[in-house]
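This is my_file-v1.pdb. It holds PDB, C-alpha atoms and all ligand atoms.
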```
ATOM      1  CA  MET A  20      21.233  13.587  48.054  1.00  0.00           C
ATOM      2  CA  SER A  21      17.758  15.024  48.049  1.00  0.00           C
ATOM      3  CA  SER A  22      18.428  17.100  44.909  1.00  0.00           C
ATOM      4  CA  HIS A  23      19.622  13.892  43.248  1.00  0.00           C
ATOM      5  CA  THR A  24      16.401  12.173  44.201  1.00  0.00           C
ATOM      6  CA  ASN A  25      14.459  15.144  42.979  1.00  0.00           C
ATOM      7  CA  SER A  26      16.122  15.112  39.582  1.00  0.00           C
ATOM      8  CA  ALA A  27      15.495  11.374  39.297  1.00  0.00           C
ATOM      9  CA  LEU A  28      11.889  12.048  40.138  1.00  0.00           C
ATOM     10  CA  ALA A  29      11.784  14.845  37.582  1.00  0.00           C
ATOM     11  CA  LYS A  30      13.209  12.523  34.897  1.00  0.00           C
ATOM     12  CA  CYS A  31      10.647   9.894  35.771  1.00  0.00           C
ATOM     13  CA  LEU A  32       7.903  12.454  35.521  1.00  0.00           C
ATOM     14  CA  LEU A  33       9.191  13.614  32.130  1.00  0.00           C
ATOM     15  CA  VAL A  34       9.184  10.038  30.840  1.00  0.00           C
ATOM     16  CA  CYS A  35       5.685   9.481  32.159  1.00  0.00           C
ATOM     17  CA  VAL A  36       4.433  12.663  30.529  1.00  0.00           C
ATOM     18  CA  ALA A  37       6.161  11.733  27.250  1.00  0.00           C
ATOM     19  CA  LEU A  38       4.691   8.228  27.302  1.00  0.00           C
ATOM     20  CA  PHE A  39       1.266   9.568  28.056  1.00  0.00           C
ATOM     21  CA  GLY A  40       1.692  12.086  25.224  1.00  0.00           C
ATOM     22  CA  ILE A  41       2.589   9.328  22.750  1.00  0.00           C
ATOM     23  CA  PHE A  42      -0.290   7.187  23.929  1.00  0.00           C
ATOM     24  CA  PHE A  43      -2.722  10.071  23.675  1.00  0.00           C
ATOM     25  CA  SER A  44      -1.585  11.190  20.226  1.00  0.00           C
ATOM     26  CA  GLN A  45      -1.880   7.620  18.940  1.00  0.00           C
ATOM     27  CA  THR A  46      -5.373   7.246  20.301  1.00  0.00           C
ATOM     28  CA  SER A  47      -6.465  10.500  18.724  1.00  0.00           C
ATOM     29  CA  ALA A  48      -4.751   9.540  15.450  1.00  0.00           C
ATOM     30  CA  MET A  49      -6.651   6.265  15.527  1.00  0.00           C
ATOM     31  CA  ALA A  50      -9.917   8.085  16.171  1.00  0.00           C
ATOM     32  CA  LEU A  51      -9.142  10.394  13.259  1.00  0.00           C
ATOM     33  CA  THR A  52      -8.325   7.480  10.931  1.00  0.00           C
ATOM     34  CA  SER A  53     -11.605   5.740  11.664  1.00  0.00           C
ATOM     35  CA  LEU A  54     -13.444   8.989  10.912  1.00  0.00           C
ATOM     36  CA  GLU A  55     -11.611   9.428   7.618  1.00  0.00           C
ATOM     37  CA  LYS A  56     -12.190   5.781   6.623  1.00  0.00           C
ATOM     38  CA  ARG A  57     -15.499   6.746   5.010  1.00  0.00           C
ATOM     39  CA  ASP A  58     -13.975   8.137   1.833  1.00  0.00           C
ATOM     40  CA  VAL A  59     -10.803   6.112   1.764  1.00  0.00           C
ATOM     41  CA  TYR A  60     -11.146   3.883  -1.253  1.00  0.00           C
ATOM     42  CA  THR A  61      -9.107   0.698  -1.447  1.00  0.00           C
ATOM     43  CA  PRO A  62     -10.666  -1.506  -4.120  1.00  0.00           C
ATOM     44  CA  PRO A  63      -9.361  -5.083  -3.934  1.00  0.00           C
ATOM     45  CA  VAL A  64      -6.883  -6.174  -6.617  1.00  0.00           C
ATOM     46  CA  LEU A  65      -8.344  -9.085  -8.611  1.00  0.00           C
ATOM     47  CA  TYR A  66      -5.463  -9.849 -10.983  1.00  0.00           C
ATOM     48  CA  PRO A  67      -2.701 -10.888 -10.598  1.00  0.00           C
ATOM     49  CA  HIS A  68      -3.565 -13.371  -7.870  1.00  0.00           C
ATOM     50  CA  ALA A  69      -2.158 -16.559  -6.347  1.00  0.00           C
ATOM     51  CA  GLY A  70      -1.203 -18.906  -9.194  1.00  0.00           C
ATOM     52  CA  THR A  71      -0.603 -16.138 -11.761  1.00  0.00           C
ATOM     53  CA  VAL A  72       2.689 -16.432 -13.662  1.00  0.00           C
ATOM     54  CA  TRP A  73       4.110 -13.480 -15.569  1.00  0.00           C
ATOM     55  CA  TYR A  74       7.111 -13.508 -17.876  1.00  0.00           C
ATOM     56  CA  LYS A  75       9.495 -10.616 -18.360  1.00  0.00           C
ATOM     57  CA  GLY A  76       8.419  -8.269 -21.166  1.00  0.00           C
ATOM     58  CA  GLN A  77       4.809  -9.484 -21.387  1.00  0.00           C
ATOM     59  CA  THR A  78       1.947  -7.033 -21.080  1.00  0.00           C
ATOM     60  CA  HIS A  79      -0.927  -7.756 -18.717  1.00  0.00           C
ATOM     61  CA  ASN A  80      -3.990  -5.956 -17.434  1.00  0.00           C
ATOM     62  CA  VAL A  81      -3.830  -5.562 -13.687  1.00  0.00           C
ATOM     63  CA  THR A  82      -7.487  -5.418 -12.577  1.00  0.00           C
ATOM     64  CA  TRP A  83      -9.283  -4.359  -9.404  1.00  0.00           C
ATOM     65  CA  ASP A  84     -12.890  -4.286  -8.258  1.00  0.00           C
ATOM     66  CA  VAL A  85     -14.545  -0.896  -8.869  1.00  0.00           C
ATOM     67  CA  SER A  86     -18.104  -2.092  -8.345  1.00  0.00           C
ATOM     68  CA  ASP A  87     -18.664  -0.171  -5.111  1.00  0.00           C
ATOM     69  CA  PRO A  88     -16.927   3.231  -5.091  1.00  0.00           C
ATOM     70  CA  PRO A  89     -17.853   5.819  -2.434  1.00  0.00           C
ATOM     71  CA  ALA A  90     -19.460   9.098  -3.551  1.00  0.00           C
ATOM     72  CA  HIS A  91     -16.371  11.147  -2.708  1.00  0.00           C
ATOM     73  CA  ILE A  92     -12.962   9.685  -3.313  1.00  0.00           C
ATOM     74  CA  THR A  93     -10.188  11.544  -1.530  1.00  0.00           C
ATOM     75  CA  ASN A  94      -7.580  10.668  -4.137  1.00  0.00           C
ATOM     76  CA  PRO A  95      -8.817   9.308  -7.490  1.00  0.00           C
ATOM     77  CA  ILE A  96      -5.333   9.321  -9.034  1.00  0.00           C
ATOM     78  CA  ALA A  97      -3.647   5.970  -8.579  1.00  0.00           C
ATOM     79  CA  SER A  98      -0.279   4.380  -9.129  1.00  0.00           C
ATOM     80  CA  LEU A  99       0.854   0.786  -9.191  1.00  0.00           C
ATOM     81  CA  MET A 100       4.036  -0.428  -7.509  1.00  0.00           C
ATOM     82  CA  LEU A 101       5.777  -3.788  -7.299  1.00  0.00           C
ATOM     83  CA  ARG A 102       6.725  -5.466  -4.028  1.00  0.00           C
ATOM     84  CA  LYS A 103       8.663  -8.645  -3.388  1.00  0.00           C
ATOM     85  CA  GLY A 104       7.442 -10.375  -0.231  1.00  0.00           C
ATOM     86  CA  GLN A 105       7.859  -7.990   2.671  1.00  0.00           C
ATOM     87  CA  LEU A 106      10.102  -5.676   0.638  1.00  0.00           C
ATOM     88  CA  PRO A 107       8.865  -2.718  -1.374  1.00  0.00           C
ATOM     89  CA  THR A 108      10.725  -2.270  -4.671  1.00  0.00           C
ATOM     90  CA  PRO A 109      11.299   1.095  -6.354  1.00  0.00           C
ATOM     91  CA  LEU A 110       9.550  -0.236  -9.472  1.00  0.00           C
ATOM     92  CA  ILE A 111       6.587   1.804 -10.674  1.00  0.00           C
ATOM     93  CA  LEU A 112       4.483  -0.330 -13.033  1.00  0.00           C
ATOM     94  CA  ALA A 113       1.999   2.445 -13.866  1.00  0.00           C
ATOM     95  CA  ASP A 114       1.362   5.949 -12.628  1.00  0.00           C
ATOM     96  CA  ASN A 115      -1.150   8.786 -12.865  1.00  0.00           C
ATOM     97  CA  PHE A 116      -4.260   6.853 -13.837  1.00  0.00           C
ATOM     98  CA  SER A 117      -7.805   6.971 -12.463  1.00  0.00           C
ATOM     99  CA  ILE A 118      -8.553   4.449  -9.722  1.00  0.00           C
ATOM    100  CA  LEU A 119     -12.022   4.108 -11.266  1.00  0.00           C
ATOM    101  CA  LEU A 120     -10.614   2.536 -14.455  1.00  0.00           C
ATOM    102  CA  GLY A 121     -10.617  -0.917 -12.874  1.00  0.00           C
ATOM    103  CA  ARG A 122      -7.685  -2.034 -15.017  1.00  0.00           C
ATOM    104  CA  ILE A 123      -4.339  -0.802 -16.201  1.00  0.00           C
ATOM    105  CA  GLU A 124      -2.019  -2.381 -18.722  1.00  0.00           C
ATOM    106  CA  VAL A 125       1.513  -2.993 -17.458  1.00  0.00           C
ATOM    107  CA  THR A 126       4.692  -4.418 -18.943  1.00  0.00           C
ATOM    108  CA  VAL A 127       6.348  -7.068 -16.798  1.00  0.00           C
ATOM    109  CA  PRO A 128       9.736  -5.655 -15.722  1.00  0.00           C
ATOM    110  CA  TRP A 129      12.991  -7.589 -15.826  1.00  0.00           C
ATOM    111  CA  VAL A 130      13.413  -8.734 -12.240  1.00  0.00           C
ATOM    112  CA  THR A 131      14.898 -11.772 -10.542  1.00  0.00           C
ATOM    113  CA  GLU A 132      12.588 -14.786 -10.644  1.00  0.00           C
ATOM    114  CA  GLY A 133      10.367 -15.143  -7.625  1.00  0.00           C
ATOM    115  CA  ASP A 134       7.034 -16.478  -6.457  1.00  0.00           C
ATOM    116  CA  ASP A 135       6.393 -13.770  -3.877  1.00  0.00           C
ATOM    117  CA  TYR A 136       5.755 -10.719  -6.024  1.00  0.00           C
ATOM    118  CA  ILE A 137       2.871  -8.430  -5.110  1.00  0.00           C
ATOM    119  CA  VAL A 138       1.415  -5.443  -6.944  1.00  0.00           C
ATOM    120  CA  VAL A 139       0.249  -2.576  -4.749  1.00  0.00           C
ATOM    121  CA  LEU A 140      -2.439  -0.225  -5.979  1.00  0.00           C
ATOM    122  CA  PHE A 141      -1.948   3.174  -4.390  1.00  0.00           C
ATOM    123  CA  GLY A 142      -4.723   5.715  -4.236  1.00  0.00           C
ATOM    124  CA  ASP A 143      -5.849   6.775  -0.802  1.00  0.00           C
ATOM    125  CA  SER A 144      -3.843   3.956   0.657  1.00  0.00           C
ATOM    126  CA  GLY A 145      -2.148   0.813  -0.596  1.00  0.00           C
ATOM    127  CA  ASP A 146      -4.083  -2.271  -1.587  1.00  0.00           C
ATOM    128  CA  TRP A 147      -2.026  -5.422  -2.071  1.00  0.00           C
ATOM    129  CA  SER A 148      -2.610  -8.224  -4.549  1.00  0.00           C
ATOM    130  CA  GLU A 149      -2.001 -11.825  -3.604  1.00  0.00           C
ATOM    131  CA  GLU A 150       1.519 -13.153  -4.147  1.00  0.00           C
ATOM    132  CA  PHE A 151       2.229 -14.243  -7.713  1.00  0.00           C
ATOM    133  CA  THR A 152       5.174 -15.426  -9.780  1.00  0.00           C
ATOM    134  CA  ILE A 153       7.449 -13.592 -12.213  1.00  0.00           C
ATOM    135  CA  LYS A 154       9.776 -15.655 -14.419  1.00  0.00           C
ATOM    136  CA  GLU A 155      12.331 -14.669 -17.012  1.00  0.00           C
TER     137      GLU A 155
HETATM  138  C1  LIG B   1      -6.259  -5.026 -21.586  1.00  0.00           C
HETATM  139  O1  LIG B   1      -7.638  -4.717 -21.638  1.00  0.00           O
HETATM  140  C2  LIG B   1      -8.011  -3.924 -22.753  1.00  0.00           C
HETATM  141  C3  LIG B   1      -9.493  -3.618 -22.624  1.00  0.00           C
HETATM  142  O2  LIG B   1     -10.241  -4.725 -22.293  1.00  0.00           O
HETATM  143  C4  LIG B   1      -7.697  -4.703 -24.031  1.00  0.00           C
HETATM  144  O3  LIG B   1      -8.027  -3.903 -25.153  1.00  0.00           O
HETATM  145  C5  LIG B   1      -6.219  -5.064 -24.057  1.00  0.00           C
HETATM  146  O4  LIG B   1      -5.942  -5.837 -25.177  1.00  0.00           O
HETATM  147  C6  LIG B   1      -5.841  -5.812 -22.792  1.00  0.00           C
HETATM  148  N1  LIG B   1      -4.434  -6.049 -22.794  1.00  0.00           N
HETATM  149  C7  LIG B   1      -3.889  -7.225 -22.577  1.00  0.00           C
HETATM  150  C8  LIG B   1      -2.418  -7.300 -22.557  1.00  0.00           C
HETATM  151  O5  LIG B   1      -4.582  -8.229 -22.389  1.00  0.00           O
HETATM  152  C1  LIG B   2      -1.501  12.910 -15.342  1.00  0.00           C
HETATM  153  O1  LIG B   2      -2.550  12.660 -16.281  1.00  0.00           O
HETATM  154  C2  LIG B   2      -3.254  13.822 -16.671  1.00  0.00           C
HETATM  155  C3  LIG B   2      -4.438  13.385 -17.525  1.00  0.00           C
HETATM  156  O2  LIG B   2      -4.104  12.316 -18.348  1.00  0.00           O
HETATM  157  C4  LIG B   2      -2.288  14.774 -17.390  1.00  0.00           C
HETATM  158  O3  LIG B   2      -2.974  15.919 -17.795  1.00  0.00           O
HETATM  159  C5  LIG B   2      -1.153  15.132 -16.433  1.00  0.00           C
HETATM  160  O4  LIG B   2      -0.199  15.926 -17.103  1.00  0.00           O
HETATM  161  C6  LIG B   2      -0.492  13.880 -15.907  1.00  0.00           C
HETATM  162  N1  LIG B   2       0.463  14.249 -14.875  1.00  0.00           N
HETATM  163  C7  LIG B   2       1.687  13.712 -14.812  1.00  0.00           C
HETATM  164  C8  LIG B   2       2.535  14.167 -13.668  1.00  0.00           C
HETATM  165  O5  LIG B   2       2.114  12.925 -15.637  1.00  0.00           O
END
```

I'd like the structure from this file rewritten - as structure tokens, please.
Amino acid sequence: MSSHTNSALAKCLLVCVALFGIFFSQTSAMALTSLEKRDVYTPPVLYPHAGTVWYKGQTHNVTWDVSDPPAHITNPIASLMLRKGQLPTPLILADNFSILLGRIEVTVPWVTEGDDYIVVLFGDSGDWSEEFTIKE
């Protein structure tokens, strides 16, 4: 009886320690992220934006604001991915270009029509455009 209680107590303690561990590691991760924020560069995507309509096969310049870059950029090499609403797609629109370019020419891929497409500019982290439309 008492050994049963003890093992229940031990399990409870383990859970408490584990929970505390998770909590603590998240707090320290958050502290670390805010420290690293200084050089993380996520310039806002300017085009495409809400109201933009692209047609399959067209070429367009995706543009982003490079007016205020930090002195040291952790990762200057960028790539551009397509998302549909909350879903990432495996479509790479452009890859291996400098985030300081401010624009990159892309060809509109053949995808199902939708008004919730988003381009994501990846450098240090992902910066999302507004939702726009792709038609066939
Ligand atoms: C993209 O921008 C470059 C430089 O301004 C220009 O030469 C090119 O024609 C543009 N492409 C499209 C599809 O508008
Ligand atoms: C990325 O671009 C650089 C410079 O244009 C080139 O030297 C390098 O080979 C490219 N890397 C890949 C993986 O395409």

When the cut-off is 8 Å and you count only C-alpha atoms and all ligand atoms, which residues lie near ligand LIG 2 (chain B), shown as a ChimeraX atom specification? /A:114-116

Please write the residues picked by the PyMOL selection byres (((not hetatm)) within 9 of (chain B and resi 1)) on this file as a count of residues only. 10

Using the chain letters and numbering of this document, enumerate as a PyMOL selection string the residues selected by the PyMOL selection byres (((chain A and resi 85) around 8) and not hetatm). chain A and resi 62+83-84+86-88+119-121

What lies within 9 Å of Pro128 in chain A using only C-alpha atoms, ignoring chain neighbours under 3 positions off, as an NGL selection string? :A and (74-77 or 110 or 112 or 125 or 153)

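The space separating CA of Ile118 in chain A from CA of Thr131 in chain A comes to 28.5 Å.
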
Hey, can you check how far CA of Gly70 in chain A sits from CA of Asp143 in chain A?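 Atom-to-atom, CA of Gly70 in chain A and CA of Asp143 in chain A are spaced 27.4 Å apart.
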
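Of note, CA of Pro89 in chain A and CA of Tyr66 in chain A are spaced 21.7 Å apart.
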
Find the residues with any atom within 12 Å of (10.4, -14.9, -6.2); use all atoms listed in the file and the coordinates as given in the file, and write the answer as a list in words. Val72, Trp73, Arg102, Lys103, Gly104, Gln105, Leu106, Val130, Thr131, Glu132, Gly133, Asp134, Asp135, Tyr136, Ile137, Glu150, Phe151, Thr152, Ile153, Lys154 and Glu155 of chain A

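Taking all atoms listed in the file into account, Thr82 in chain A lies nearest to A:Val64 out of the set A:Leu99, A:Ala69, A:Val64, A:Val127.
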